[in-house]
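Colleague: So that we are looking at the same thing, I have put the structure below in structure tokens.
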Amino acid sequence: MTSNDRYLARGPRVGIRHFTAADRAEFTALARESAELHRPWLFPPATDAAYDSYLLRLQEPQREGFLICERADGRIAGYLTINNIVHGAFRCGAIGYGAFAHAAGRGLMSEGLRLVIQHAFTELGLHRLEVNIQPANELSIALVKRAGFRLEGFSPDFLFIDGAWRDHERWAITAEMVSGRAGRADVGGV
């Protein structure tokens, strides 16, 4: 199997695929190299034990994890998880994500996010994706704005991150919001 065979979806520069145990060394090394970029917003697994625990959680039915990889060489550019997946009448999930330092500012996460959105709304059968972002995290807010998410509210003391309860803005996108833009050039094929 070539690395391209593993991709669930492909864009011009990136493909998305699931996490595997074989990704541990690359992922944790990139997480350590990118610690300055991630702080104080997120803390991806940077040790073998933390990665193994994370990978185990991604096997739970209410979670899906995706690596965003550069198609040219297969290198991991970032990751995105869909958590708290609820089916039935809700069909919603909450996303979290991070880029690695070597990929930051290159548009790879924007392309990968669009691929995951499309996968979530088609293959996973979801209708809505939500993301909660700390108000000062301007890069993350810019990423979801580019993808077409709308601001829906503010949640004080929402998540416990880096030793304190942090305020978050609530952003969301629905399948109708994506399908309503299907022919436009600025949505990257989504």
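Within each chain, counting starts at residue 1; across the structure tokens, chains are named A, B, ... in the order shown, with ligands numbered 1 upward in that order.
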Hey, could you make a per-residue contact list for segment 52-152 of chain A against segment 32-48 of chain A with 7 Å as the cut-off, showing the nearest pair of atoms and its distance in Å to one decimal, counting only C-alpha atoms, sorted by chain and number, as a tab-separated table?

Modeller:
```
residue	atom	partner	partner_atom	distance
A:Asp52	CA	A:Asp48	CA	6.1
A:Phe100	CA	A:Ser34	CA	5.6
A:Ala101	CA	A:Ser34	CA	5.0
```

Colleague: What's around segment 79-88 of chain A at 9 Å? Count only C-alpha atoms, leave out sequence neighbours fewer than 2 positions away in its own chain, and write the answer as an mmCIF file with N, CA, C and O atoms, in the first residue's frame.

Modeller:
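out34.cif, freshly written:
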```cif
data_model
loop_
_atom_site.group_PDB
_atom_site.id
_atom_site.type_symbol
_atom_site.label_atom_id
_atom_site.label_comp_id
_atom_site.auth_asym_id
_atom_site.auth_seq_id
_atom_site.Cartn_x
_atom_site.Cartn_y
_atom_site.Cartn_z
ATOM 1 N N ILE A 16 -6.133 13.480 3.765
ATOM 2 C CA ILE A 16 -6.468 13.183 5.162
ATOM 3 C C ILE A 16 -6.542 11.678 5.340
ATOM 4 O O ILE A 16 -6.981 10.948 4.442
ATOM 5 N N PHE A 19 -5.231 8.321 12.119
ATOM 6 C CA PHE A 19 -4.035 8.098 12.932
ATOM 7 C C PHE A 19 -3.726 6.605 12.971
ATOM 8 O O PHE A 19 -4.643 5.780 12.967
ATOM 9 N N LEU A 58 -9.163 7.807 20.370
ATOM 10 C CA LEU A 58 -9.702 8.000 19.024
ATOM 11 C C LEU A 58 -10.433 6.766 18.494
ATOM 12 O O LEU A 58 -11.128 6.851 17.484
ATOM 13 N N PRO A 61 -16.330 5.247 19.697
ATOM 14 C CA PRO A 61 -17.275 5.512 18.607
ATOM 15 C C PRO A 61 -17.704 6.966 18.462
ATOM 16 O O PRO A 61 -18.138 7.367 17.385
ATOM 17 N N GLN A 62 -17.550 7.773 19.501
ATOM 18 C CA GLN A 62 -17.955 9.176 19.405
ATOM 19 C C GLN A 62 -16.796 10.085 18.980
ATOM 20 O O GLN A 62 -16.893 11.297 19.082
ATOM 21 N N ARG A 63 -15.710 9.492 18.425
ATOM 22 C CA ARG A 63 -14.556 10.278 17.988
ATOM 23 C C ARG A 63 -14.066 9.802 16.627
ATOM 24 O O ARG A 63 -14.146 8.620 16.305
ATOM 25 N N GLU A 64 -13.520 10.737 15.863
ATOM 26 C CA GLU A 64 -12.825 10.446 14.612
ATOM 27 C C GLU A 64 -11.574 11.316 14.602
ATOM 28 O O GLU A 64 -11.658 12.516 14.888
ATOM 29 N N GLY A 65 -10.445 10.735 14.275
ATOM 30 C CA GLY A 65 -9.208 11.499 14.212
ATOM 31 C C GLY A 65 -8.602 11.443 12.823
ATOM 32 O O GLY A 65 -8.584 10.376 12.195
ATOM 33 N N PHE A 66 -8.097 12.576 12.353
ATOM 34 C CA PHE A 66 -7.527 12.667 11.011
ATOM 35 C C PHE A 66 -6.162 13.346 11.056
ATOM 36 O O PHE A 66 -6.000 14.379 11.710
ATOM 37 N N LEU A 67 -5.222 12.768 10.348
ATOM 38 C CA LEU A 67 -3.955 13.427 10.101
ATOM 39 C C LEU A 67 -4.058 14.134 8.761
ATOM 40 O O LEU A 67 -4.617 13.586 7.803
ATOM 41 N N ILE A 68 -3.543 15.329 8.708
ATOM 42 C CA ILE A 68 -3.485 16.096 7.465
ATOM 43 C C ILE A 68 -2.044 15.982 6.986
ATOM 44 O O ILE A 68 -1.120 16.442 7.669
ATOM 45 N N CYS A 69 -1.866 15.328 5.845
ATOM 46 C CA CYS A 69 -0.523 15.009 5.356
ATOM 47 C C CYS A 69 -0.254 15.653 4.007
ATOM 48 O O CYS A 69 -1.138 15.698 3.144
ATOM 49 N N ILE A 76 3.351 14.639 7.962
ATOM 50 C CA ILE A 76 2.198 15.145 8.705
ATOM 51 C C ILE A 76 2.310 16.660 8.839
ATOM 52 O O ILE A 76 3.301 17.170 9.360
ATOM 53 N N ALA A 77 1.305 17.371 8.367
ATOM 54 C CA ALA A 77 1.263 18.835 8.454
ATOM 55 C C ALA A 77 0.463 19.298 9.669
ATOM 56 O O ALA A 77 0.697 20.369 10.204
ATOM 57 N N PHE A 90 -29.532 14.848 16.013
ATOM 58 C CA PHE A 90 -28.537 15.912 16.200
ATOM 59 C C PHE A 90 -27.474 15.887 15.097
ATOM 60 O O PHE A 90 -27.173 16.903 14.507
ATOM 61 N N ARG A 91 -26.865 14.753 14.858
ATOM 62 C CA ARG A 91 -25.815 14.539 13.842
ATOM 63 C C ARG A 91 -24.765 15.647 13.853
ATOM 64 O O ARG A 91 -24.536 16.339 12.870
ATOM 65 N N CYS A 92 -24.108 15.782 14.988
ATOM 66 C CA CYS A 92 -23.173 16.873 15.235
ATOM 67 C C CYS A 92 -21.887 16.347 15.851
ATOM 68 O O CYS A 92 -21.873 15.291 16.480
ATOM 69 N N GLY A 93 -20.815 17.089 15.666
ATOM 70 C CA GLY A 93 -19.553 16.789 16.321
ATOM 71 C C GLY A 93 -18.804 18.087 16.592
ATOM 72 O O GLY A 93 -19.033 19.110 15.941
ATOM 73 N N ALA A 94 -17.900 18.032 17.569
ATOM 74 C CA ALA A 94 -17.078 19.183 17.941
ATOM 75 C C ALA A 94 -15.651 18.927 17.491
ATOM 76 O O ALA A 94 -15.091 17.873 17.788
ATOM 77 N N ILE A 95 -15.075 19.872 16.770
ATOM 78 C CA ILE A 95 -13.740 19.650 16.248
ATOM 79 C C ILE A 95 -12.675 20.379 17.046
ATOM 80 O O ILE A 95 -12.920 21.402 17.674
ATOM 81 N N GLY A 96 -11.493 19.798 16.997
ATOM 82 C CA GLY A 96 -10.277 20.395 17.526
ATOM 83 C C GLY A 96 -9.175 20.112 16.522
ATOM 84 O O GLY A 96 -9.237 19.127 15.795
ATOM 85 N N TYR A 97 -8.156 20.963 16.469
ATOM 86 C CA TYR A 97 -7.130 20.792 15.440
ATOM 87 C C TYR A 97 -5.863 21.517 15.827
ATOM 88 O O TYR A 97 -5.843 22.350 16.734
ATOM 89 N N GLY A 98 -4.806 21.197 15.105
ATOM 90 C CA GLY A 98 -3.544 21.895 15.264
ATOM 91 C C GLY A 98 -2.675 21.683 14.047
ATOM 92 O O GLY A 98 -2.679 20.602 13.449
ATOM 93 N N ALA A 99 -1.934 22.710 13.678
ATOM 94 C CA ALA A 99 -0.933 22.616 12.613
ATOM 95 C C ALA A 99 0.423 22.415 13.271
ATOM 96 O O ALA A 99 0.634 22.820 14.417
ATOM 97 N N PHE A 100 1.344 21.821 12.557
ATOM 98 C CA PHE A 100 2.710 21.734 13.049
ATOM 99 C C PHE A 100 3.520 22.889 12.457
ATOM 100 O O PHE A 100 3.182 23.436 11.397
ATOM 101 N N MET A 109 -3.561 23.578 6.418
ATOM 102 C CA MET A 109 -4.654 23.308 7.355
ATOM 103 C C MET A 109 -5.986 23.739 6.759
ATOM 104 O O MET A 109 -6.999 23.070 6.970
ATOM 105 N N GLY A 112 -6.898 20.965 4.454
ATOM 106 C CA GLY A 112 -7.237 19.774 5.233
ATOM 107 C C GLY A 112 -8.569 19.909 5.954
ATOM 108 O O GLY A 112 -9.362 18.967 5.996
ATOM 109 N N LEU A 113 -8.836 21.095 6.513
ATOM 110 C CA LEU A 113 -10.112 21.327 7.188
ATOM 111 C C LEU A 113 -11.264 21.170 6.210
ATOM 112 O O LEU A 113 -12.276 20.538 6.520
ATOM 113 N N VAL A 116 -11.887 17.508 5.643
ATOM 114 C CA VAL A 116 -12.551 16.867 6.785
ATOM 115 C C VAL A 116 -14.019 17.276 6.851
ATOM 116 O O VAL A 116 -14.887 16.439 7.128
ATOM 117 N N ALA A 120 -16.946 14.636 6.813
ATOM 118 C CA ALA A 120 -17.901 14.572 7.926
ATOM 119 C C ALA A 120 -19.333 14.647 7.435
ATOM 120 O O ALA A 120 -20.211 13.935 7.935
ATOM 121 N N GLY A 125 -21.983 11.224 7.756
ATOM 122 C CA GLY A 125 -23.407 11.535 7.870
ATOM 123 C C GLY A 125 -23.737 12.623 8.869
ATOM 124 O O GLY A 125 -24.878 12.715 9.328
ATOM 125 N N LEU A 126 -22.771 13.469 9.205
ATOM 126 C CA LEU A 126 -23.044 14.545 10.143
ATOM 127 C C LEU A 126 -23.716 15.707 9.423
ATOM 128 O O LEU A 126 -23.628 15.845 8.200
ATOM 129 N N LEU A 129 -20.911 20.791 12.389
ATOM 130 C CA LEU A 129 -19.635 20.735 13.090
ATOM 131 C C LEU A 129 -19.485 22.030 13.881
ATOM 132 O O LEU A 129 -19.794 23.110 13.383
#
```

Colleague: Could you find all residues in segment 91-165 of chain A that DSSP calls helix (DSSP H, G or I) from the backbone, and write them as a PyMOL selection string?

Modeller: chain A and resi 101-103+108-122+138-147

Colleague: Give me every strand (DSSP E) residue in segment 6-188 of chain A, going by DSSP on the backbone, as a PyMOL selection string.

Modeller: chain A and resi 9-10+14-17+64-70+76-86+92-99+128-133+150-161+164-174

Colleague: Write the selection just made, keeping C-alpha atoms, as a short mmCIF file (atom, residue, chain, number, x, y, z; two decimals), in the first residue's frame?

Modeller:
```cif
data_model
loop_
_atom_site.label_atom_id
_atom_site.label_comp_id
_atom_site.auth_asym_id
_atom_site.auth_seq_id
_atom_site.Cartn_x
_atom_site.Cartn_y
_atom_site.Cartn_z
CA ALA A 9 -9.86 12.29 0.75
CA ARG A 10 -7.33 14.23 -1.27
CA VAL A 14 -2.84 17.41 1.24
CA GLY A 15 -4.66 14.20 1.99
CA ILE A 16 -6.47 13.18 5.16
CA ARG A 17 -6.13 9.80 6.82
CA GLU A 64 -12.82 10.45 14.61
CA GLY A 65 -9.21 11.50 14.21
CA PHE A 66 -7.53 12.67 11.01
CA LEU A 67 -3.95 13.43 10.10
CA ILE A 68 -3.48 16.10 7.46
CA CYS A 69 -0.52 15.01 5.36
CA GLU A 70 1.37 16.66 2.53
CA ILE A 76 2.20 15.15 8.70
CA ALA A 77 1.26 18.83 8.45
CA GLY A 78 -1.37 18.84 11.20
CA TYR A 79 -4.28 16.98 12.70
CA LEU A 80 -7.99 17.36 13.31
CA THR A 81 -10.32 15.43 15.58
CA ILE A 82 -14.09 15.28 15.66
CA ASN A 83 -15.18 14.67 19.26
CA ASN A 84 -18.52 14.22 21.00
CA ILE A 85 -20.13 12.85 17.85
CA VAL A 86 -23.86 12.42 18.29
CA CYS A 92 -23.17 16.87 15.23
CA GLY A 93 -19.55 16.79 16.32
CA ALA A 94 -17.08 19.18 17.94
CA ILE A 95 -13.74 19.65 16.25
CA GLY A 96 -10.28 20.39 17.53
CA TYR A 97 -7.13 20.79 15.44
CA GLY A 98 -3.54 21.89 15.26
CA ALA A 99 -0.93 22.62 12.61
CA ARG A 128 -23.19 20.17 11.91
CA LEU A 129 -19.63 20.74 13.09
CA GLU A 130 -18.81 23.04 15.98
CA VAL A 131 -15.52 24.46 17.20
CA ASN A 132 -14.74 26.40 20.37
CA ILE A 133 -11.86 28.86 20.16
CA ARG A 150 -20.22 31.33 11.52
CA LEU A 151 -19.83 32.80 15.00
CA GLU A 152 -22.71 31.62 17.16
CA GLY A 153 -21.86 32.74 20.64
CA PHE A 154 -19.55 33.11 23.60
CA SER A 155 -19.01 30.63 26.44
CA PRO A 156 -17.31 31.98 29.56
CA ASP A 157 -15.12 29.54 31.52
CA PHE A 158 -15.80 26.85 28.90
CA LEU A 159 -12.71 24.59 28.81
CA PHE A 160 -9.97 23.87 31.34
CA ILE A 161 -6.73 24.56 29.44
CA ALA A 164 -7.41 27.59 34.11
CA TRP A 165 -10.97 27.74 32.82
CA ARG A 166 -10.84 29.61 29.51
CA ASP A 167 -13.50 31.62 27.68
CA HIS A 168 -14.30 30.46 24.15
CA GLU A 169 -16.16 31.67 21.10
CA ARG A 170 -18.53 29.12 19.54
CA TRP A 171 -18.30 28.69 15.76
CA ALA A 172 -20.28 26.25 13.61
CA ILE A 173 -20.88 25.12 10.06
CA THR A 174 -23.72 22.98 8.69
#
```
